file final_37.cif (mmCIF, N, CA and C atoms and all ligand atoms; chains and numbers go by the auth columns)
data_entry
loop_
_atom_site.group_PDB
_atom_site.id
_atom_site.type_symbol
_atom_site.label_atom_id
_atom_site.label_comp_id
_atom_site.label_asym_id
_atom_site.label_seq_id
_atom_site.Cartn_x
_atom_site.Cartn_y
_atom_site.Cartn_z
_atom_site.B_iso_or_equiv
_atom_site.auth_seq_id
_atom_site.auth_asym_id
ATOM 1 N N MET A 1 28.451 -39.402 95.406 0.00 16 A
ATOM 2 C CA MET A 1 27.775 -38.999 94.175 0.00 16 A
ATOM 3 C C MET A 1 26.890 -40.138 93.672 0.00 16 A
ATOM 4 N N ALA A 2 25.615 -39.829 93.427 0.00 17 A
ATOM 5 C CA ALA A 2 24.685 -40.836 92.912 0.00 17 A
ATOM 6 C C ALA A 2 24.669 -40.782 91.398 0.00 17 A
ATOM 7 N N SER A 3 24.784 -41.939 90.789 0.00 18 A
ATOM 8 C CA SER A 3 24.760 -41.992 89.336 0.00 18 A
ATOM 9 C C SER A 3 23.617 -42.863 88.872 0.00 18 A
ATOM 10 N N ARG A 4 23.194 -42.603 87.661 0.00 19 A
ATOM 11 C CA ARG A 4 22.139 -43.398 87.048 0.00 19 A
ATOM 12 C C ARG A 4 22.768 -44.415 86.109 0.00 19 A
ATOM 13 N N CYS A 5 22.208 -45.608 86.130 0.00 20 A
ATOM 14 C CA CYS A 5 22.697 -46.647 85.232 0.00 20 A
ATOM 15 C C CYS A 5 22.304 -46.299 83.804 0.00 20 A
ATOM 16 N N PRO A 6 23.264 -46.289 82.884 0.00 21 A
ATOM 17 C CA PRO A 6 22.927 -45.956 81.502 0.00 21 A
ATOM 18 C C PRO A 6 22.098 -47.043 80.814 0.00 21 A
ATOM 19 N N GLU A 7 22.110 -48.248 81.382 0.00 22 A
ATOM 20 C CA GLU A 7 21.365 -49.354 80.776 0.00 22 A
ATOM 21 C C GLU A 7 19.905 -49.349 81.216 0.00 22 A
ATOM 22 N N CYS A 8 19.682 -49.249 82.531 0.00 23 A
ATOM 23 C CA CYS A 8 18.319 -49.423 83.036 0.00 23 A
ATOM 24 C C CYS A 8 17.864 -48.241 83.872 0.00 23 A
ATOM 25 N N ALA A 9 18.682 -47.192 83.973 0.00 24 A
ATOM 26 C CA ALA A 9 18.350 -45.996 84.751 0.00 24 A
ATOM 27 C C ALA A 9 18.206 -46.303 86.234 0.00 24 A
ATOM 28 N N GLY A 10 18.726 -47.459 86.671 0.00 25 A
ATOM 29 C CA GLY A 10 18.726 -47.790 88.088 0.00 25 A
ATOM 30 C C GLY A 10 19.779 -46.998 88.831 0.00 25 A
ATOM 31 N N LYS A 11 19.730 -47.111 90.142 0.00 26 A
ATOM 32 C CA LYS A 11 20.689 -46.368 90.955 0.00 26 A
ATOM 33 C C LYS A 11 22.022 -47.101 90.984 0.00 26 A
ATOM 34 N N MET A 12 23.100 -46.386 90.772 0.00 27 A
ATOM 35 C CA MET A 12 24.425 -46.976 90.813 0.00 27 A
ATOM 36 C C MET A 12 25.148 -46.501 92.063 0.00 27 A
ATOM 37 N N THR A 13 25.802 -47.436 92.726 0.00 28 A
ATOM 38 C CA THR A 13 26.581 -47.057 93.900 0.00 28 A
ATOM 39 C C THR A 13 28.026 -47.488 93.700 0.00 28 A
ATOM 40 N N TYR A 14 28.907 -46.727 94.303 0.00 29 A
ATOM 41 C CA TYR A 14 30.332 -47.022 94.165 0.00 29 A
ATOM 42 C C TYR A 14 30.701 -48.245 94.992 0.00 29 A
ATOM 43 N N ASN A 15 31.348 -49.193 94.344 0.00 30 A
ATOM 44 C CA ASN A 15 31.818 -50.380 95.037 0.00 30 A
ATOM 45 C C ASN A 15 33.329 -50.285 95.203 0.00 30 A
ATOM 46 N N PRO A 16 33.793 -50.056 96.426 0.00 31 A
ATOM 47 C CA PRO A 16 35.231 -49.837 96.650 0.00 31 A
ATOM 48 C C PRO A 16 36.075 -51.078 96.330 0.00 31 A
ATOM 49 N N ASP A 17 35.489 -52.272 96.468 0.00 32 A
ATOM 50 C CA ASP A 17 36.234 -53.493 96.158 0.00 32 A
ATOM 51 C C ASP A 17 36.532 -53.583 94.667 0.00 32 A
ATOM 52 N N LEU A 18 35.509 -53.304 93.870 0.00 33 A
ATOM 53 C CA LEU A 18 35.655 -53.372 92.405 0.00 33 A
ATOM 54 C C LEU A 18 36.228 -52.077 91.841 0.00 33 A
ATOM 55 N N LYS A 19 36.247 -51.033 92.692 0.00 34 A
ATOM 56 C CA LYS A 19 36.687 -49.701 92.262 0.00 34 A
ATOM 57 C C LYS A 19 35.882 -49.214 91.065 0.00 34 A
ATOM 58 N N CYS A 20 34.596 -49.471 91.094 0.00 35 A
ATOM 59 C CA CYS A 20 33.742 -48.969 90.022 0.00 35 A
ATOM 60 C C CYS A 20 32.317 -48.813 90.518 0.00 35 A
ATOM 61 N N MET A 21 31.512 -48.188 89.704 0.00 36 A
ATOM 62 C CA MET A 21 30.104 -47.985 90.008 0.00 36 A
ATOM 63 C C MET A 21 29.334 -49.240 89.606 0.00 36 A
ATOM 64 N N VAL A 22 28.502 -49.723 90.519 0.00 37 A
ATOM 65 C CA VAL A 22 27.729 -50.928 90.239 0.00 37 A
ATOM 66 C C VAL A 22 26.243 -50.588 90.311 0.00 37 A
ATOM 67 N N CYS A 23 25.517 -51.045 89.305 0.00 38 A
ATOM 68 C CA CYS A 23 24.081 -50.783 89.261 0.00 38 A
ATOM 69 C C CYS A 23 23.365 -51.705 90.232 0.00 38 A
ATOM 70 N N ASN A 24 22.494 -51.130 91.048 0.00 39 A
ATOM 71 C CA ASN A 24 21.740 -51.933 92.007 0.00 39 A
ATOM 72 C C ASN A 24 20.681 -52.788 91.318 0.00 39 A
ATOM 73 N N SER A 25 20.262 -52.375 90.141 0.00 40 A
ATOM 74 C CA SER A 25 19.163 -53.066 89.466 0.00 40 A
ATOM 75 C C SER A 25 19.644 -54.171 88.534 0.00 40 A
ATOM 76 N N CYS A 26 20.568 -53.842 87.618 0.00 41 A
ATOM 77 C CA CYS A 26 20.973 -54.830 86.621 0.00 41 A
ATOM 78 C C CYS A 26 22.384 -55.339 86.834 0.00 41 A
ATOM 79 N N GLY A 27 23.114 -54.755 87.776 0.00 42 A
ATOM 80 C CA GLY A 27 24.439 -55.267 88.090 0.00 42 A
ATOM 81 C C GLY A 27 25.540 -54.796 87.169 0.00 42 A
ATOM 82 N N LEU A 28 25.214 -53.908 86.264 0.00 43 A
ATOM 83 C CA LEU A 28 26.227 -53.345 85.372 0.00 43 A
ATOM 84 C C LEU A 28 27.293 -52.636 86.198 0.00 43 A
ATOM 85 N N SER A 29 28.560 -52.939 85.935 0.00 44 A
ATOM 86 C CA SER A 29 29.623 -52.268 86.676 0.00 44 A
ATOM 87 C C SER A 29 30.557 -51.558 85.709 0.00 44 A
ATOM 88 N N LEU A 30 30.756 -50.286 85.966 0.00 45 A
ATOM 89 C CA LEU A 30 31.601 -49.454 85.111 0.00 45 A
ATOM 90 C C LEU A 30 32.428 -48.543 85.995 0.00 45 A
ATOM 91 N N ASN A 31 33.682 -48.339 85.622 0.00 46 A
ATOM 92 C CA ASN A 31 34.434 -47.331 86.365 0.00 46 A
ATOM 93 C C ASN A 31 34.022 -45.951 85.865 0.00 46 A
ATOM 94 N N ARG A 32 34.476 -44.927 86.573 0.00 47 A
ATOM 95 C CA ARG A 32 34.017 -43.575 86.266 0.00 47 A
ATOM 96 C C ARG A 32 34.260 -43.210 84.802 0.00 47 A
ATOM 97 N N PHE A 33 35.425 -43.619 84.299 0.00 48 A
ATOM 98 C CA PHE A 33 35.795 -43.304 82.923 0.00 48 A
ATOM 99 C C PHE A 33 34.849 -43.994 81.947 0.00 48 A
ATOM 100 N N GLU A 34 34.599 -45.289 82.192 0.00 49 A
ATOM 101 C CA GLU A 34 33.691 -46.041 81.321 0.00 49 A
ATOM 102 C C GLU A 34 32.279 -45.476 81.397 0.00 49 A
ATOM 103 N N LEU A 35 31.897 -45.108 82.618 0.00 50 A
ATOM 104 C CA LEU A 35 30.550 -44.549 82.813 0.00 50 A
ATOM 105 C C LEU A 35 30.386 -43.262 82.017 0.00 50 A
ATOM 106 N N ASP A 36 31.410 -42.398 82.081 0.00 51 A
ATOM 107 C CA ASP A 36 31.361 -41.154 81.304 0.00 51 A
ATOM 108 C C ASP A 36 31.227 -41.451 79.820 0.00 51 A
ATOM 109 N N ASN A 37 32.050 -42.400 79.342 0.00 52 A
ATOM 110 C CA ASN A 37 31.996 -42.767 77.924 0.00 52 A
ATOM 111 C C ASN A 37 30.622 -43.282 77.545 0.00 52 A
ATOM 112 N N TYR A 38 30.080 -44.109 78.432 0.00 53 A
ATOM 113 C CA TYR A 38 28.777 -44.720 78.191 0.00 53 A
ATOM 114 C C TYR A 38 27.709 -43.649 78.018 0.00 53 A
ATOM 115 N N TRP A 39 27.727 -42.691 78.958 0.00 54 A
ATOM 116 C CA TRP A 39 26.735 -41.614 78.901 0.00 54 A
ATOM 117 C C TRP A 39 26.921 -40.764 77.662 0.00 54 A
ATOM 118 N N GLN A 40 28.180 -40.526 77.310 0.00 55 A
ATOM 119 C CA GLN A 40 28.462 -39.717 76.130 0.00 55 A
ATOM 120 C C GLN A 40 27.878 -40.392 74.892 0.00 55 A
ATOM 121 N N LYS A 41 28.077 -41.717 74.837 0.00 56 A
ATOM 122 C CA LYS A 41 27.572 -42.488 73.712 0.00 56 A
ATOM 123 C C LYS A 41 26.048 -42.384 73.650 0.00 56 A
ATOM 124 N N ILE A 42 25.410 -42.498 74.818 0.00 57 A
ATOM 125 C CA ILE A 42 23.954 -42.446 74.870 0.00 57 A
ATOM 126 C C ILE A 42 23.450 -41.060 74.484 0.00 57 A
ATOM 127 N N ARG A 43 24.177 -40.028 74.962 0.00 58 A
ATOM 128 C CA ARG A 43 23.765 -38.671 74.605 0.00 58 A
ATOM 129 C C ARG A 43 23.843 -38.481 73.087 0.00 58 A
ATOM 130 N N ASN A 44 24.914 -39.026 72.475 0.00 59 A
ATOM 131 C CA ASN A 44 25.046 -38.915 71.026 0.00 59 A
ATOM 132 C C ASN A 44 23.922 -39.650 70.323 0.00 59 A
ATOM 133 N N GLN A 45 23.578 -40.829 70.853 0.00 60 A
ATOM 134 C CA GLN A 45 22.484 -41.601 70.264 0.00 60 A
ATOM 135 C C GLN A 45 21.182 -40.831 70.371 0.00 60 A
ATOM 136 N N ASN A 46 20.972 -40.190 71.524 0.00 61 A
ATOM 137 C CA ASN A 46 19.750 -39.422 71.719 0.00 61 A
ATOM 138 C C ASN A 46 19.671 -38.276 70.718 0.00 61 A
ATOM 139 N N LEU A 47 20.826 -37.666 70.430 0.00 62 A
ATOM 140 C CA LEU A 47 20.851 -36.597 69.445 0.00 62 A
ATOM 141 C C LEU A 47 20.442 -37.137 68.091 0.00 62 A
ATOM 142 N N ASP A 48 20.957 -38.334 67.755 0.00 63 A
ATOM 143 C CA ASP A 48 20.572 -38.960 66.491 0.00 63 A
ATOM 144 C C ASP A 48 19.080 -39.202 66.466 0.00 63 A
ATOM 145 N N ASN A 49 18.554 -39.715 67.568 0.00 64 A
ATOM 146 C CA ASN A 49 17.126 -40.002 67.638 0.00 64 A
ATOM 147 C C ASN A 49 16.309 -38.725 67.491 0.00 64 A
ATOM 148 N N LEU A 50 16.811 -37.655 68.109 0.00 65 A
ATOM 149 C CA LEU A 50 16.113 -36.377 68.030 0.00 65 A
ATOM 150 C C LEU A 50 16.058 -35.936 66.574 0.00 65 A
ATOM 151 N N ASP A 51 17.205 -36.034 65.885 0.00 66 A
ATOM 152 C CA ASP A 51 17.239 -35.680 64.474 0.00 66 A
ATOM 153 C C ASP A 51 16.202 -36.480 63.709 0.00 66 A
ATOM 154 N N GLU A 52 16.143 -37.764 64.004 0.00 67 A
ATOM 155 C CA GLU A 52 15.237 -38.642 63.279 0.00 67 A
ATOM 156 C C GLU A 52 13.785 -38.238 63.539 0.00 67 A
ATOM 157 N N SER A 53 13.451 -37.930 64.793 0.00 68 A
ATOM 158 C CA SER A 53 12.065 -37.554 65.089 0.00 68 A
ATOM 159 C C SER A 53 11.750 -36.189 64.493 0.00 68 A
ATOM 160 N N GLU A 54 12.764 -35.302 64.425 0.00 69 A
ATOM 161 C CA GLU A 54 12.544 -34.010 63.780 0.00 69 A
ATOM 162 C C GLU A 54 12.260 -34.216 62.301 0.00 69 A
ATOM 163 N N ARG A 55 13.018 -35.134 61.715 0.00 70 A
ATOM 164 C CA ARG A 55 12.802 -35.430 60.294 0.00 70 A
ATOM 165 C C ARG A 55 11.390 -35.963 60.075 0.00 70 A
ATOM 166 N N LYS A 56 10.961 -36.854 60.998 0.00 71 A
ATOM 167 C CA LYS A 56 9.630 -37.436 60.873 0.00 71 A
ATOM 168 C C LYS A 56 8.572 -36.346 60.963 0.00 71 A
ATOM 169 N N LYS A 57 8.794 -35.414 61.913 0.00 72 A
ATOM 170 C CA LYS A 57 7.850 -34.321 62.095 0.00 72 A
ATOM 171 C C LYS A 57 7.740 -33.511 60.807 0.00 72 A
ATOM 172 N N LYS A 58 8.913 -33.265 60.198 0.00 73 A
ATOM 173 C CA LYS A 58 8.940 -32.470 58.993 0.00 73 A
ATOM 174 C C LYS A 58 8.220 -33.205 57.866 0.00 73 A
ATOM 175 N N ARG A 59 8.490 -34.520 57.788 0.00 74 A
ATOM 176 C CA ARG A 59 7.808 -35.318 56.759 0.00 74 A
ATOM 177 C C ARG A 59 6.302 -35.219 56.921 0.00 74 A
ATOM 178 N N LYS A 60 5.855 -35.277 58.180 0.00 75 A
ATOM 179 C CA LYS A 60 4.429 -35.228 58.453 0.00 75 A
ATOM 180 C C LYS A 60 3.869 -33.868 58.031 0.00 75 A
ATOM 181 N N LYS A 61 4.660 -32.817 58.325 0.00 76 A
ATOM 182 C CA LYS A 61 4.217 -31.477 57.969 0.00 76 A
ATOM 183 C C LYS A 61 4.130 -31.347 56.458 0.00 76 A
ATOM 184 N N ASP A 62 5.142 -31.876 55.761 0.00 77 A
ATOM 185 C CA ASP A 62 5.121 -31.850 54.302 0.00 77 A
ATOM 186 C C ASP A 62 3.858 -32.528 53.790 0.00 77 A
ATOM 187 N N TRP A 63 3.554 -33.659 54.408 0.00 78 A
ATOM 188 C CA TRP A 63 2.386 -34.414 53.973 0.00 78 A
ATOM 189 C C TRP A 63 1.108 -33.616 54.229 0.00 78 A
ATOM 190 N N LEU A 64 1.048 -32.949 55.384 0.00 79 A
ATOM 191 C CA LEU A 64 -0.130 -32.147 55.717 0.00 79 A
ATOM 192 C C LEU A 64 -0.278 -30.980 54.747 0.00 79 A
ATOM 193 N N ASP A 65 0.869 -30.365 54.399 0.00 80 A
ATOM 194 C CA ASP A 65 0.833 -29.281 53.419 0.00 80 A
ATOM 195 C C ASP A 65 0.276 -29.793 52.099 0.00 80 A
ATOM 196 N N TRP A 66 0.791 -30.961 51.713 0.00 81 A
ATOM 197 C CA TRP A 66 0.346 -31.549 50.455 0.00 81 A
ATOM 198 C C TRP A 66 -1.145 -31.869 50.507 0.00 81 A
ATOM 199 N N TYR A 67 -1.565 -32.388 51.640 0.00 82 A
ATOM 200 C CA TYR A 67 -2.961 -32.769 51.818 0.00 82 A
ATOM 201 C C TYR A 67 -3.857 -31.535 51.738 0.00 82 A
ATOM 202 N N ALA A 68 -3.414 -30.454 52.451 0.00 83 A
ATOM 203 C CA ALA A 68 -4.196 -29.214 52.435 0.00 83 A
ATOM 204 C C ALA A 68 -4.265 -28.659 51.022 0.00 83 A
ATOM 205 N N LYS A 69 -3.146 -28.748 50.312 0.00 84 A
ATOM 206 C CA LYS A 69 -3.092 -28.235 48.951 0.00 84 A
ATOM 207 C C LYS A 69 -4.025 -29.036 48.046 0.00 84 A
ATOM 208 N N SER A 70 -3.948 -30.355 48.196 0.00 85 A
ATOM 209 C CA SER A 70 -4.764 -31.195 47.319 0.00 85 A
ATOM 210 C C SER A 70 -6.247 -30.994 47.611 0.00 85 A
ATOM 211 N N LYS A 71 -6.571 -30.660 48.856 0.00 86 A
ATOM 212 C CA LYS A 71 -7.956 -30.390 49.209 0.00 86 A
ATOM 213 C C LYS A 71 -8.421 -29.101 48.512 0.00 86 A
ATOM 214 N N ASP A 72 -7.517 -28.103 48.510 0.00 87 A
ATOM 215 C CA ASP A 72 -7.829 -26.844 47.814 0.00 87 A
ATOM 216 C C ASP A 72 -8.087 -27.128 46.337 0.00 87 A
ATOM 217 N N ASP A 73 -7.204 -27.977 45.768 0.00 88 A
ATOM 218 C CA ASP A 73 -7.352 -28.309 44.356 0.00 88 A
ATOM 219 C C ASP A 73 -8.718 -28.911 44.094 0.00 88 A
ATOM 220 N N LYS A 74 -9.109 -29.822 44.990 0.00 89 A
ATOM 221 C CA LYS A 74 -10.390 -30.499 44.786 0.00 89 A
ATOM 222 C C LYS A 74 -11.551 -29.527 44.834 0.00 89 A
ATOM 223 N N GLN A 75 -11.417 -28.504 45.712 0.00 90 A
ATOM 224 C CA GLN A 75 -12.512 -27.548 45.857 0.00 90 A
ATOM 225 C C GLN A 75 -12.687 -26.682 44.612 0.00 90 A
ATOM 226 N N LYS A 76 -11.619 -26.601 43.818 0.00 91 A
ATOM 227 C CA LYS A 76 -11.697 -25.791 42.596 0.00 91 A
ATOM 228 C C LYS A 76 -12.652 -26.426 41.591 0.00 91 A
ATOM 229 N N TYR A 77 -12.691 -27.748 41.608 0.00 92 A
ATOM 230 C CA TYR A 77 -13.514 -28.420 40.606 0.00 92 A
ATOM 231 C C TYR A 77 -14.974 -28.548 41.019 0.00 92 A
HETATM 232 ZN ZN ZN B . 21.337 -51.011 85.484 0.00 1 B
#
call {"tool": "encode", "arguments": {"input": "final_37.cif", "output": "structure tokens"}}
result
Amino acid sequence: MASRCPECAGKMTYNPDLKCMVCNSCGLSLNRFELDNYWQKIRNQNLDNLDESERKKKRKKDWLDWYAKSKDDKQKY
């Protein structure tokens, strides 16, 4: 089974001596359990980031609505 390094997205290979997955790129070594936890943590972080970017999008939309409205107001005068 090929795994991706949660730190650098490098290829991880199983090292039978260490009994864990070792990243070929950065040398991060995690056993399967730690690797699962690591990914879970990252997935949760990504969800947080998604929420944050959604919030930003909404803020931008609010601002655009306000801008469009204020432009309408200006045209009245
Ligand atoms: Zn790595």
call {"tool": "atom_distance", "arguments": {"input": "final_37.cif", "atom1": "CA of Gly42 (chain A)", "atom2": "atom C of Trp54 (chain A)"}}
result
18.0 Å
call {"tool": "resolve_selection", "arguments": {"input": "final_37.cif", "expression": "the PyMOL selection byres (((chain A and resi 28) around 8) and not hetatm)", "output": "VMD selection string"}}
result
chain A and resid 16 to 20 25 to 27 29 to 31 35 to 40
call {"tool": "atom_distance", "arguments": {"input": "final_37.cif", "atom1": "CA of Pro21 (chain A)", "atom2": "CA of Asp66 (chain A)"}}
result
20.7 Å
call {"tool": "decode", "arguments": {"input": "final_37.cif", "residues": "chain A", "atoms": "C-alpha atoms", "output": "short mmCIF file (atom, residue, chain, number, x, y, z; two decimals), in the first residue's frame"}}
result
data_model
loop_
_atom_site.label_atom_id
_atom_site.label_comp_id
_atom_site.auth_asym_id
_atom_site.auth_seq_id
_atom_site.Cartn_x
_atom_site.Cartn_y
_atom_site.Cartn_z
CA MET A 16 0.00 0.00 0.00
CA ALA A 17 1.38 3.40 -1.03
CA SER A 18 0.80 6.24 1.36
CA ARG A 19 1.30 9.95 1.09
CA CYS A 20 3.32 11.83 3.65
CA PRO A 21 1.01 14.15 5.58
CA GLU A 22 3.87 16.64 5.99
CA CYS A 23 5.25 16.98 2.48
CA ALA A 24 2.97 14.75 0.35
CA GLY A 25 6.02 12.64 -0.51
CA LYS A 26 5.84 8.93 -1.05
CA MET A 27 5.93 6.83 2.10
CA THR A 28 7.16 3.27 2.12
CA TYR A 29 6.86 0.68 4.83
CA ASN A 30 10.08 0.07 6.70
CA PRO A 31 9.97 -3.41 8.25
CA ASP A 32 12.90 -2.65 10.59
CA LEU A 33 11.17 0.37 12.12
CA LYS A 34 7.74 -1.23 11.67
CA CYS A 35 6.39 2.04 10.36
CA MET A 36 5.88 4.08 7.23
CA VAL A 37 8.84 6.27 6.34
CA CYS A 38 8.65 9.25 4.03
CA ASN A 39 11.14 9.10 1.18
CA SER A 40 11.28 12.89 0.98
CA CYS A 41 11.39 14.28 4.52
CA GLY A 42 12.08 11.15 6.53
CA LEU A 43 8.97 11.40 8.67
CA SER A 44 8.25 8.00 10.18
CA LEU A 45 4.85 7.05 11.53
CA ASN A 46 3.23 3.74 12.26
CA ARG A 47 -0.11 3.00 10.65
CA PHE A 48 -2.03 4.19 13.70
CA GLU A 49 -0.10 7.46 13.93
CA LEU A 50 -0.43 7.96 10.20
CA ASP A 51 -4.21 7.55 10.41
CA ASN A 52 -4.35 10.03 13.29
CA TYR A 53 -2.17 12.45 11.38
CA TRP A 54 -4.40 12.35 8.33
CA GLN A 55 -7.50 12.69 10.46
CA LYS A 56 -6.03 15.78 12.06
CA ILE A 57 -5.18 17.24 8.66
CA ARG A 58 -8.63 16.47 7.31
CA ASN A 59 -10.15 18.29 10.30
CA GLN A 60 -7.84 21.23 9.71
CA ASN A 61 -8.84 21.31 6.06
CA LEU A 62 -12.48 21.42 7.11
CA ASP A 63 -11.67 24.39 9.32
CA ASN A 64 -9.88 26.07 6.45
CA LEU A 65 -12.82 25.39 4.16
CA ASP A 66 -15.15 27.02 6.68
CA GLU A 67 -12.85 30.00 6.85
CA SER A 68 -12.68 30.41 3.07
CA GLU A 69 -16.46 30.03 2.87
CA ARG A 70 -16.79 32.76 5.44
CA LYS A 71 -14.42 34.94 3.42
CA LYS A 72 -16.46 34.31 0.29
CA LYS A 73 -19.60 35.30 2.13
CA ARG A 74 -17.95 38.44 3.48
CA LYS A 75 -16.93 39.35 -0.04
CA LYS A 76 -20.46 38.76 -1.29
CA ASP A 77 -21.86 40.92 1.50
CA TRP A 78 -19.45 43.63 0.51
CA LEU A 79 -20.42 43.33 -3.16
CA ASP A 80 -24.10 43.54 -2.22
CA TRP A 81 -23.36 46.62 -0.19
CA TYR A 82 -21.32 48.10 -3.02
CA ALA A 83 -24.08 47.43 -5.56
CA LYS A 84 -26.62 48.94 -3.20
CA SER A 85 -24.55 52.02 -2.55
CA LYS A 86 -24.09 52.47 -6.29
CA ASP A 87 -27.88 52.37 -6.71
CA ASP A 88 -28.17 54.96 -3.97
CA LYS A 89 -25.72 57.21 -5.74
CA GLN A 90 -27.65 56.95 -8.99
CA LYS A 91 -30.75 58.26 -7.25
CA TYR A 92 -29.12 61.60 -6.63
#
